[in-house]
Amino acid sequence: MNNNSQREHRTIILAPIGRDAQLIANFIEKLGKPCHVTSSVDDLCNEIQVGAASAIVAEEALGGNAIEALKPTLMNQPSWSDFPLIILVAGGRVTMESERLRKIRLPLGNVVLLERPLRPETLSSTLELALRGRERQYQIRDQIAQVERAQEALRRSEKLAVTGRLAASIAHEINNPLESVTNLLYLARSENLTDAAQNYLQQAENELARVTEIAKHTLRFYKEPNQPTQVDLINILDSVLTLYHSRLIAAKVEVKKEVAPSSLPIIASPGELRQVVANLIGNALDAMRNGGKLRLRVSIEHYSGDGAAKARLSIADTGHGIPKHVLPMIFEPFVTTKGETGTGLGLWVTDEIVKKNGWSMRVRSNTQQKSAGTVFSLLMPLPQR
């Protein structure tokens, strides 16, 4: 149990007179439950705000302005919280004084009265009931937080979808003037120009071809079918690199590509495969904001078990790495190492696509300064011949 969890499950005790506080604390500890003894109402309020599951307070500690001091803490709780307060009162018949105290205690909310002298089984059962109720409150809190994260992820996904449609629309509109400019450059090259002018035109045509390629790939991302078909893994990889070309240059990331075959056909959904590759390369770039090396390796591997050949795509970066305690959870939704800038959905979506297509993916990562970095390896079956 970590420190936060231990704080949330402890019982705060306030009984400033006699040995009640220590006796109650000893009893609770024997039950195997955490507790904390305080000496004043102010300390009690502070500890509740830090984190607690319940509180046991002796009635004599609530004299004077103590209840007024306690009320803000108990009345300003989150919507999911109804903090349980167990008050130890003197036994006997109802008097005017006890009725007055009852009315004063009403604003404190979730209050249970225990008459003294205490019976161990009564204290144990009352405390157990309070702790179970608090645990249910924690479950509601966690569900609310999960719903809020899901809603935020949905909002971000909707923004991404709108951005995708906008990008596709822009790319479509750009294609028309690009064709006109291409034709004009062709006509210009047919004129009697100096070698320098011809060289400038050639550079302009090269840059224009690159813009045209980016526009095509942007449209392909949005319009590509998700039905499995034979696609070239090398082409998919090159198209993603084209889209990330500007980011790679801006981040001063050196790309080293090791491709054994010149083309490698596999059966996959072009859109889904492109999304997986883009997510992994995008994550690698996010981990190398101050420069680094991106190593991409495509190879064919044969396995002795079934004799099947598989395509392996390895994407390695020299970024900051993934912490060991996060690594086992990186494919879970909402888990991210990017703070507020990450949704925690990229690798989850990637993993879902990998599972859906019967592929497999492995990850290794190191956070040590001299050898920091992450490697994702994607294994995909080759078509049967």
# chains A, B, ... in the order shown; residues from 1 in each chain; ligands from 1
>>> residues_around(residues="Glu272 in chain A", least_positions_apart="3", cutoff="7 Å", atoms="only C-alpha atoms", output="PyMOL selection string")
chain A and resi 226+269+275-276+353
>>> closest_atom_pairs(of="range 274-299 of chain A", to="range 244-258 of chain A", cutoff="7 Å", atoms="only C-alpha atoms", output="tab-separated table")
residue	atom	partner	partner_atom	distance
A:Arg289	CA	A:Ala251	CA	5.6
A:Asn290	CA	A:Ala251	CA	6.1
A:Gly291	CA	A:Lys252	CA	4.7
A:Gly292	CA	A:Val253	CA	4.9
A:Lys293	CA	A:Glu254	CA	4.7
A:Leu294	CA	A:Val255	CA	4.8
A:Arg295	CA	A:Lys256	CA	4.8
A:Leu296	CA	A:Lys257	CA	4.7
A:Arg297	CA	A:Glu258	CA	4.6
A:Val298	CA	A:Glu258	CA	6.3
>>> select_by_dssp(residues="range 249-360 of chain A", states="strand (DSSP E or B)", output="PyMOL selection string")
chain A and resi 253-259+265-268+292-302+309-317+360
>>> residues_around(residues="range 118-124 of chain A", least_positions_apart="5", cutoff="9 Å", atoms="only C-alpha atoms", output="VMD selection string")
chain A and resid 27 to 28 31 88 129
>>> closest_residue(among="A:Ile87, A:Val50, A:Arg116, A:Glu135", to="Thr73 in chain A", atoms="only C-alpha atoms")
A:Val50
>>> closest_residue(among="A:Lys324, A:His9, A:Arg362, A:Lys310", to="Gln384 in chain A", atoms="only C-alpha atoms")
A:Lys310
